[in-house]
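As stored in query-v3.json (JSON, C-alpha atoms):
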[["chain", "number", "residue", "atom", "x", "y", "z"],
["L", 1, "MET", "CA", 84.79, 105.78, 111.55],
["L", 2, "ASN", "CA", 81.46, 105.21, 109.82],
["L", 3, "ARG", "CA", 80.57, 101.52, 109.44],
["L", 4, "THR", "CA", 79.06, 102.19, 106.02],
["L", 5, "SER", "CA", 81.69, 104.58, 104.63],
["L", 6, "ASN", "CA", 82.97, 104.00, 101.13],
["L", 7, "ALA", "CA", 86.62, 104.31, 102.17],
["L", 8, "PRO", "CA", 87.42, 100.57, 101.78],
["L", 9, "TYR", "CA", 86.00, 100.62, 98.25],
["L", 10, "ALA", "CA", 88.21, 103.61, 97.40],
["L", 11, "VAL", "CA", 91.28, 101.80, 98.78],
["L", 12, "LEU", "CA", 90.29, 98.72, 96.78],
["L", 13, "ALA", "CA", 89.86, 100.75, 93.59],
["L", 14, "LEU", "CA", 93.28, 102.37, 94.07],
["L", 15, "GLY", "CA", 94.82, 98.92, 94.52],
["L", 16, "VAL", "CA", 93.15, 97.57, 91.37],
["L", 17, "ALA", "CA", 94.30, 100.59, 89.34],
["L", 18, "LEU", "CA", 97.89, 100.15, 90.54],
["L", 19, "LEU", "CA", 97.75, 96.41, 89.83],
["L", 20, "LEU", "CA", 96.48, 97.01, 86.29],
["L", 21, "PHE", "CA", 99.21, 99.58, 85.60],
["L", 22, "GLY", "CA", 101.98, 97.51, 87.19],
["L", 23, "SER", "CA", 100.89, 94.32, 85.43],
["L", 24, "PHE", "CA", 100.69, 96.08, 82.05],
["L", 25, "HIS", "CA", 104.21, 97.42, 82.59],
["L", 26, "GLY", "CA", 105.47, 94.02, 83.72],
["L", 27, "LEU", "CA", 103.87, 92.17, 80.81],
["L", 28, "ALA", "CA", 104.35, 94.63, 77.96],
["L", 29, "VAL", "CA", 107.08, 97.13, 78.80],
["L", 30, "ALA", "CA", 109.72, 95.51, 81.04],
["L", 31, "PRO", "CA", 112.26, 93.37, 79.17],
["L", 32, "ALA", "CA", 112.38, 89.59, 79.44],
["L", 33, "GLU", "CA", 115.00, 88.23, 81.86],
["L", 34, "THR", "CA", 118.21, 86.84, 80.34],
["L", 35, "TYR", "CA", 117.85, 83.20, 81.45],
["L", 36, "MET", "CA", 114.23, 82.75, 82.54],
["L", 37, "GLY", "CA", 112.90, 84.69, 79.55],
["L", 38, "GLU", "CA", 109.21, 85.59, 79.60],
["L", 39, "VAL", "CA", 108.49, 83.27, 82.55],
["L", 40, "GLN", "CA", 110.21, 85.73, 84.89],
["L", 41, "ARG", "CA", 107.25, 88.11, 84.41],
["L", 42, "ILE", "CA", 105.39, 85.96, 86.96],
["L", 43, "MET", "CA", 107.64, 87.66, 89.53],
["L", 44, "TYR", "CA", 105.59, 90.89, 89.30],
["L", 45, "VAL", "CA", 102.56, 89.19, 90.86],
["L", 46, "HIS", "CA", 104.27, 86.42, 92.84],
["L", 47, "VAL", "CA", 106.66, 88.56, 94.88],
["L", 48, "PRO", "CA", 104.09, 91.28, 95.81],
["L", 49, "THR", "CA", 101.66, 88.51, 96.81],
["L", 50, "ALA", "CA", 104.34, 86.98, 99.05],
["L", 51, "TRP", "CA", 105.23, 90.28, 100.75],
["L", 52, "ASN", "CA", 101.60, 91.16, 101.40],
["L", 53, "TRP", "CA", 100.66, 87.66, 102.54],
["L", 54, "MET", "CA", 103.32, 88.04, 105.23],
["L", 55, "LEU", "CA", 101.79, 91.39, 106.21],
["L", 56, "ALA", "CA", 98.33, 89.77, 106.44],
["L", 57, "VAL", "CA", 99.72, 87.07, 108.75],
["L", 58, "LEU", "CA", 101.45, 89.75, 110.85],
["L", 59, "TRP", "CA", 98.16, 91.67, 111.04],
["L", 60, "ALA", "CA", 96.28, 88.58, 112.25],
["L", 61, "PHE", "CA", 99.03, 87.94, 114.80],
["L", 62, "ALA", "CA", 98.91, 91.55, 116.08],
["L", 63, "CYS", "CA", 95.11, 91.41, 116.34],
["L", 64, "ALA", "CA", 95.30, 88.10, 118.24],
["L", 65, "VAL", "CA", 97.73, 89.62, 120.77],
["L", 66, "ALA", "CA", 95.60, 92.78, 121.06],
["L", 67, "PHE", "CA", 92.48, 90.68, 121.70],
["L", 68, "LEU", "CA", 94.12, 88.62, 124.43],
["L", 69, "PHE", "CA", 95.25, 91.83, 126.17],
["L", 70, "THR", "CA", 91.98, 93.76, 125.82],
["L", 71, "SER", "CA", 89.21, 91.13, 125.36],
["L", 72, "ASN", "CA", 87.69, 93.62, 122.93],
["L", 73, "MET", "CA", 85.76, 91.76, 120.23],
["L", 74, "LYS", "CA", 86.70, 94.29, 117.55],
["L", 75, "TRP", "CA", 90.17, 92.71, 117.54],
["L", 76, "ASP", "CA", 88.59, 89.31, 117.00],
["L", 77, "SER", "CA", 86.74, 90.62, 113.93],
["L", 78, "ARG", "CA", 89.97, 92.10, 112.60],
["L", 79, "MET", "CA", 91.86, 88.88, 113.24],
["L", 80, "GLU", "CA", 89.20, 86.85, 111.42],
["L", 81, "ALA", "CA", 89.54, 89.19, 108.44],
["L", 82, "GLY", "CA", 93.34, 88.96, 108.44],
["L", 83, "LEU", "CA", 93.17, 85.16, 108.58],
["L", 84, "GLU", "CA", 90.79, 84.83, 105.66],
["L", 85, "VAL", "CA", 92.59, 87.33, 103.42],
["L", 86, "GLY", "CA", 95.86, 85.62, 104.41],
["L", 87, "VAL", "CA", 94.45, 82.29, 103.22],
["L", 88, "LEU", "CA", 93.47, 83.88, 99.90],
["L", 89, "LEU", "CA", 96.97, 85.32, 99.40],
["L", 90, "ALA", "CA", 98.70, 82.10, 100.50],
["L", 91, "PHE", "CA", 96.57, 80.11, 98.05],
["L", 92, "LEU", "CA", 97.50, 82.53, 95.24],
["L", 93, "LEU", "CA", 101.15, 82.42, 96.31],
["L", 94, "CYS", "CA", 101.21, 78.61, 96.00],
["L", 95, "CYS", "CA", 99.42, 78.68, 92.62],
["L", 96, "GLN", "CA", 101.73, 81.35, 91.16],
["L", 97, "GLY", "CA", 104.82, 79.66, 92.58],
["L", 98, "SER", "CA", 103.74, 76.31, 91.21],
["L", 99, "ILE", "CA", 103.17, 77.76, 87.74],
["L", 100, "TRP", "CA", 106.62, 79.44, 87.88],
["L", 101, "ALA", "CA", 108.25, 76.24, 89.19],
["L", 102, "LYS", "CA", 107.17, 74.00, 86.32],
["L", 103, "PRO", "CA", 109.18, 75.71, 83.52],
["L", 104, "THR", "CA", 112.13, 76.68, 85.76],
["L", 105, "TRP", "CA", 112.53, 73.69, 88.13],
["L", 106, "GLY", "CA", 110.79, 71.09, 85.97],
["L", 107, "VAL", "CA", 108.23, 70.21, 88.67],
["L", 108, "TRP", "CA", 104.98, 71.79, 89.86],
["L", 109, "TRP", "CA", 105.85, 71.33, 93.53],
["L", 110, "ASP", "CA", 108.85, 70.44, 95.66],
["L", 111, "TRP", "CA", 108.92, 69.91, 99.42],
["L", 112, "ASP", "CA", 111.75, 72.39, 99.89],
["L", 113, "PRO", "CA", 111.83, 74.44, 103.12],
["L", 114, "ARG", "CA", 110.25, 77.61, 101.67],
["L", 115, "LEU", "CA", 107.34, 75.85, 99.99],
["L", 116, "THR", "CA", 106.77, 73.49, 102.89],
["L", 117, "SER", "CA", 106.73, 76.27, 105.51],
["L", 118, "VAL", "CA", 104.23, 78.29, 103.42],
["L", 119, "ALA", "CA", 102.03, 75.19, 103.00],
["L", 120, "VAL", "CA", 102.16, 74.58, 106.77],
["L", 121, "LEU", "CA", 101.00, 78.13, 107.51],
["L", 122, "LEU", "CA", 98.25, 77.91, 104.89],
["L", 123, "ALA", "CA", 97.03, 74.62, 106.41],
["L", 124, "ALA", "CA", 97.21, 76.12, 109.93],
["L", 125, "SER", "CA", 95.17, 79.17, 108.87],
["L", 126, "LEU", "CA", 92.54, 76.92, 107.28],
["L", 127, "GLY", "CA", 92.48, 74.90, 110.49],
["L", 128, "ILE", "CA", 91.90, 78.01, 112.60],
["L", 129, "MET", "CA", 89.06, 79.10, 110.31],
["L", 130, "ALA", "CA", 87.53, 75.61, 110.65],
["L", 131, "LEU", "CA", 87.94, 75.81, 114.43],
["L", 132, "ARG", "CA", 86.07, 79.12, 114.44],
["L", 133, "SER", "CA", 83.15, 77.60, 112.58],
["L", 134, "PHE", "CA", 82.83, 74.77, 115.16],
["L", 135, "VAL", "CA", 82.73, 76.93, 118.31],
["L", 136, "ASP", "CA", 79.42, 78.62, 119.09],
["L", 137, "ASP", "CA", 80.40, 80.77, 122.07],
["L", 138, "PRO", "CA", 81.89, 84.01, 120.65],
["L", 139, "MET", "CA", 84.28, 84.67, 123.56],
["L", 140, "ARG", "CA", 85.59, 81.10, 123.68],
["L", 141, "ARG", "CA", 85.94, 81.09, 119.89],
["L", 142, "ALA", "CA", 87.88, 84.36, 120.00],
["L", 143, "VAL", "CA", 90.26, 83.19, 122.74],
["L", 144, "TRP", "CA", 90.95, 79.80, 121.16],
["L", 145, "SER", "CA", 91.53, 81.21, 117.69],
["L", 146, "ALA", "CA", 93.72, 84.04, 119.04],
["L", 147, "VAL", "CA", 95.95, 81.51, 120.81],
["L", 148, "ALA", "CA", 96.03, 79.27, 117.71],
["L", 149, "THR", "CA", 96.89, 82.25, 115.49],
["L", 150, "ILE", "CA", 99.81, 83.23, 117.73],
["L", 151, "ILE", "CA", 101.12, 79.64, 117.68],
["L", 152, "ALA", "CA", 100.72, 79.39, 113.88],
["L", 153, "SER", "CA", 102.52, 82.73, 113.39],
["L", 154, "VAL", "CA", 105.71, 81.16, 114.77],
["L", 155, "ASP", "CA", 106.03, 79.68, 111.26],
["L", 156, "LEU", "CA", 106.30, 83.15, 109.66],
["L", 157, "PRO", "CA", 109.99, 83.80, 110.52],
["L", 158, "ILE", "CA", 110.72, 80.24, 109.35],
["L", 159, "VAL", "CA", 109.09, 81.08, 106.00],
["L", 160, "TYR", "CA", 111.11, 84.31, 105.72],
["L", 161, "TYR", "CA", 114.49, 82.89, 106.69],
["L", 162, "SER", "CA", 114.07, 79.42, 105.14],
["L", 163, "VAL", "CA", 115.92, 80.46, 101.97],
["L", 164, "LYS", "CA", 118.84, 81.75, 104.07],
["L", 165, "TRP", "CA", 118.99, 78.92, 106.61],
["L", 166, "TRP", "CA", 118.81, 75.99, 104.17],
["L", 167, "ASN", "CA", 120.09, 75.27, 100.67],
["L", 168, "SER", "CA", 116.96, 74.82, 98.65],
["L", 169, "LEU", "CA", 115.50, 75.07, 95.16],
["L", 170, "HIS", "CA", 113.79, 78.35, 95.98],
["L", 171, "GLN", "CA", 115.90, 81.41, 95.27],
["L", 172, "GLU", "CA", 116.60, 84.06, 97.92],
["L", 173, "GLN", "CA", 114.08, 86.86, 98.41],
["L", 174, "SER", "CA", 113.55, 89.07, 95.35],
["L", 175, "THR", "CA", 113.72, 92.71, 96.40],
["L", 176, "PRO", "CA", 114.65, 95.95, 94.61],
["L", 177, "GLN", "CA", 118.15, 95.31, 96.03],
["L", 178, "THR", "CA", 118.45, 91.84, 94.48],
["L", 179, "VAL", "CA", 116.90, 92.44, 91.04],
["L", 180, "ASP", "CA", 118.05, 94.73, 88.22],
["L", 181, "SER", "CA", 116.68, 98.29, 88.21],
["L", 182, "VAL", "CA", 114.76, 97.74, 84.94],
["L", 183, "TYR", "CA", 112.38, 95.46, 86.88],
["L", 184, "HIS", "CA", 111.83, 97.85, 89.81],
["L", 185, "LEU", "CA", 108.84, 99.83, 88.55],
["L", 186, "PRO", "CA", 106.35, 96.96, 87.93],
["L", 187, "LEU", "CA", 107.55, 95.20, 91.08],
["L", 188, "ARG", "CA", 107.02, 98.27, 93.28],
["L", 189, "VAL", "CA", 103.74, 99.36, 91.68],
["L", 190, "ASN", "CA", 102.28, 95.86, 92.01],
["L", 191, "ALA", "CA", 103.53, 95.63, 95.60],
["L", 192, "PHE", "CA", 101.49, 98.73, 96.48],
["L", 193, "GLY", "CA", 98.62, 97.45, 94.31],
["L", 194, "VAL", "CA", 98.36, 94.16, 96.23],
["L", 195, "LEU", "CA", 98.85, 96.09, 99.50],
["L", 196, "PHE", "CA", 95.86, 98.38, 98.86],
["L", 197, "VAL", "CA", 93.72, 95.49, 97.60],
["L", 198, "MET", "CA", 94.62, 93.54, 100.74],
["L", 199, "ILE", "CA", 93.76, 96.50, 103.02],
["L", 200, "GLY", "CA", 90.43, 96.98, 101.20],
["L", 201, "PHE", "CA", 89.61, 93.28, 101.55],
["L", 202, "ILE", "CA", 90.56, 93.16, 105.25],
["L", 203, "TRP", "CA", 88.51, 96.30, 105.89],
["L", 204, "LEU", "CA", 85.39, 94.89, 104.20],
["L", 205, "ARG", "CA", 85.87, 91.42, 105.72],
["L", 206, "THR", "CA", 86.14, 93.02, 109.16],
["L", 207, "ARG", "CA", 82.74, 94.60, 108.61],
["L", 208, "VAL", "CA", 81.34, 91.19, 107.64],
["L", 209, "ALA", "CA", 82.77, 89.65, 110.83],
["L", 210, "ALA", "CA", 81.47, 92.49, 113.02],
["L", 211, "LEU", "CA", 77.97, 92.31, 111.52],
["L", 212, "LYS", "CA", 77.87, 88.53, 111.90],
["L", 213, "LEU", "CA", 78.94, 88.84, 115.51],
["L", 214, "ARG", "CA", 76.32, 91.48, 116.22],
["L", 215, "GLN", "CA", 73.55, 89.38, 114.71],
["L", 216, "GLU", "CA", 74.86, 86.25, 116.43],
["L", 217, "THR", "CA", 74.82, 87.84, 119.87],
["L", 218, "ALA", "CA", 71.63, 89.80, 119.13],
["L", 219, "ILE", "CA", 72.47, 92.36, 121.77],
["L", 220, "PRO", "CA", 72.09, 95.74, 120.09],
["L", 221, "HIS", "CA", 74.86, 98.27, 120.70],
["L", 222, "THR", "CA", 77.10, 95.88, 122.66],
["L", 223, "TYR", "CA", 79.38, 95.37, 119.71],
["L", 224, "GLU", "CA", 78.35, 98.51, 117.89],
["L", 225, "GLU", "CA", 81.85, 99.54, 117.03],
["L", 226, "ALA", "CA", 83.23, 96.04, 116.66],
["L", 227, "GLY", "CA", 85.37, 95.56, 113.64],
["L", 228, "GLU", "CA", 85.83, 99.13, 112.55],
["L", 229, "LEU", "CA", 89.40, 99.97, 111.60],
["L", 230, "ALA", "CA", 90.05, 102.97, 113.78],
["Q", 1, "MET", "CA", 120.99, 73.50, 75.26],
["Q", 2, "THR", "CA", 121.52, 77.18, 76.01],
["Q", 3, "GLY", "CA", 120.17, 77.26, 79.55],
["Q", 4, "VAL", "CA", 117.66, 79.88, 78.45],
["Q", 5, "ILE", "CA", 113.95, 79.11, 78.82],
["Q", 6, "GLN", "CA", 112.20, 79.50, 75.48],
["Q", 7, "GLY", "CA", 108.58, 80.67, 75.27],
["Q", 8, "GLY", "CA", 106.65, 80.32, 78.48],
["Q", 9, "TRP", "CA", 103.93, 82.89, 77.86],
["Q", 10, "GLU", "CA", 101.29, 80.24, 78.65],
["Q", 11, "PHE", "CA", 102.66, 80.02, 82.21],
["Q", 12, "VAL", "CA", 102.68, 83.81, 82.57],
["Q", 13, "ILE", "CA", 99.10, 84.09, 81.31],
["Q", 14, "ALA", "CA", 97.99, 81.27, 83.64],
["Q", 15, "ALA", "CA", 99.55, 82.96, 86.70],
["Q", 16, "TYR", "CA", 98.00, 86.37, 85.97],
["Q", 17, "THR", "CA", 94.62, 84.85, 85.07],
["Q", 18, "ILE", "CA", 94.37, 82.81, 88.28],
["Q", 19, "THR", "CA", 95.39, 85.86, 90.31],
["Q", 20, "GLY", "CA", 92.82, 88.10, 88.61],
["Q", 21, "ILE", "CA", 89.99, 85.60, 88.86],
["Q", 22, "ALA", "CA", 90.68, 84.82, 92.53],
["Q", 23, "LEU", "CA", 90.80, 88.51, 93.51],
["Q", 24, "VAL", "CA", 87.61, 89.36, 91.58],
["Q", 25, "VAL", "CA", 85.67, 86.35, 92.91],
["Q", 26, "TYR", "CA", 86.75, 87.07, 96.51],
["Q", 27, "GLY", "CA", 85.88, 90.76, 96.15],
["Q", 28, "ILE", "CA", 82.42, 89.91, 94.84],
["Q", 29, "SER", "CA", 81.89, 87.38, 97.65],
["Q", 30, "LEU", "CA", 82.71, 90.08, 100.21],
["Q", 31, "ILE", "CA", 80.24, 92.56, 98.71],
["Q", 32, "VAL", "CA", 77.50, 89.89, 98.51],
["Q", 33, "ARG", "CA", 78.08, 88.84, 102.14],
["Q", 34, "LEU", "CA", 78.01, 92.47, 103.30],
["Q", 35, "LYS", "CA", 74.76, 93.17, 101.45],
["Q", 36, "GLU", "CA", 73.15, 90.04, 102.89],
["Q", 37, "LEU", "CA", 74.19, 90.93, 106.44],
["Q", 38, "ASN", "CA", 73.13, 94.56, 106.06],
["Q", 39, "LYS", "CA", 69.71, 93.39, 104.86],
["Q", 40, "HIS", "CA", 69.19, 91.49, 108.12],
["Q", 41, "ASP", "CA", 70.78, 94.11, 110.37]]
Mind turning the file's structure into structure tokens?
Amino acid sequence: MNRTSNAPYAVLALGVALLLFGSFHGLAVAPAETYMGEVQRIMYVHVPTAWNWMLAVLWAFACAVAFLFTSNMKWDSRMEAGLEVGVLLAFLLCCQGSIWAKPTWGVWWDWDPRLTSVAVLLAASLGIMALRSFVDDPMRRAVWSAVATIIASVDLPIVYYSVKWWNSLHQEQSTPQTVDSVYHLPLRVNAFGVLFVMIGFIWLRTRVAALKLRQETAIPHTYEEAGELA
Amino acid sequence: MTGVIQGGWEFVIAAYTITGIALVVYGISLIVRLKELNKHD
């Protein structure tokens, strides 16, 4: 695939269009929820952000495993992209959740299992990104961060099952099976919107990582195809 | 006390605004970084 193709921008534009439509529907068309009232409308951005953050973490994990098996630097570029976009989504997830928590729980933050496990993974991802910036040797950096990413990803199932395993403030997962059908459309449209935006971001960020690596190593053609999403 | 949350639009607007701003700022940062790297490539 061409390193300068406009495909990621098209994916990004599709995601933005879906997000605008889904958010308009969620804010102006869908009815307010019986008990949470208008505040429940935060669900249409919070839940899609959560689903896609988990996908970003899974992507980084898969790239880390692929790198350790192949030693191909293109997987390192992809992992770096997944990590950074994952940090963005985790940050948004915590902000949205905090804003939703204040009117419904009465506090901005609570150290309940779901929130704590998300915060741990966010901190771990930031730590891995910091680690990458401290290591000069590209191969050593890639190996260390791949191993760290795999270890950090152990927290993902804990995040997912935390609301089932422990009694906590956080409600169980919101899915089309657990919410009324009148809320399905904005939830689904925004889920695909965040998904396409995330793919576009990871795609572009992979190019950034691949270009940085190529300039860092200054060996033309060695990493020519590094970072391209095949 | 009815158990129903009254109002709350300010929280909804805050959540959507933060989300929009973060996505736009990150998107712009990606494009700027790509342009800078392409210039030196």
Exercise. Got a sec: who's within 10 Å of L:Val29, counting all atoms listed in the file, leaving out chain neighbours fewer than 6 positions off, as a VMD selection string?
Worked result: chain L and resid 22 to 23 182 to 183 186
Just need the box for stretch 171-188 of chain L, edges along x, y and z, holding every atom the file lists for it with 6 Å tacked onto each side, so centre and edge lengths in Å to one decimal, as lines of an AutoDock Vina configuration file.
center_x = 112.4
center_y = 90.6
center_z = 91.7
size_x = 24.1
size_y = 30.4
size_z = 25.5
Do you know which residues are at most 7 Å from stretch 9-15 of chain Q counting all atoms listed in the file, after dropping those on the same chain fewer than 4 positions away, and could you put them as a PDB file with C-alpha atoms, in the frame of the given file?
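File part02.pdb, as written:
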ATOM      1  CA  GLU L  38     109.210  85.590  79.600  1.00  0.00           C
ATOM      2  CA  VAL L  39     108.490  83.270  82.550  1.00  0.00           C
ATOM      3  CA  ARG L  41     107.250  88.110  84.410  1.00  0.00           C
ATOM      4  CA  ILE L  42     105.390  85.960  86.960  1.00  0.00           C
ATOM      5  CA  GLN L  96     101.730  81.350  91.160  1.00  0.00           C
ATOM      6  CA  ILE L  99     103.170  77.760  87.740  1.00  0.00           C
ATOM      7  CA  TRP L 100     106.620  79.440  87.880  1.00  0.00           C
TER       8      TRP L 100
ATOM      9  CA  THR Q  19      95.390  85.860  90.310  1.00  0.00           C
TER      10      THR Q  19
END
Exercise. Chain Q residues within 8 Å of chain L, counting only C-alpha atoms: which ones, as a list of chain:residue names?
Worked result: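 On the chain Q side, the interface is Q:Gly3, Q:Val4, Q:Ile5, Q:Gln6, Q:Gly7, Q:Gly8, Q:Trp9, Q:Phe11, Q:Val12, Q:Ala14, Q:Ala15, Q:Tyr16, Q:Ile18, Q:Thr19, Q:Ala22, Q:Gly27, Q:Leu30, Q:Ile31, Q:Arg33, Q:Leu34, Q:Leu37, Q:Asn38, Q:Asp41.
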Exercise. What does the distance from atom CA of L:Ala146 to atom CA of L:Ala60 come to in Å, to one decimal?
Worked result: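 Pair atom CA of L:Ala146 / atom CA of L:Ala60 returns 8.6 Å.
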For this session: Find the residue from L:Glu172, L:Glu84, L:Phe69, L:Ala13 that sits nearest to Q:Tyr26; use only C-alpha atoms when measuring.
Result: L:Glu84
For this session: Name all residues at most 12 Å from L:Ala64 (count all atoms listed in the file; drop same-chain ones fewer than 3 positions away) and give them as JSON, numbers by chain.
Result: {"L": [57, 58, 59, 60, 61, 67, 68, 69, 70, 71, 72, 73, 74, 75, 76, 77, 78, 79, 80, 81, 82, 83, 141, 142, 143, 144, 145, 146, 147, 148, 149, 150, 151, 152, 153]}
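The space between atom CA of L:Val47 and atom CA of L:Asn190 spans 9.0 Å.
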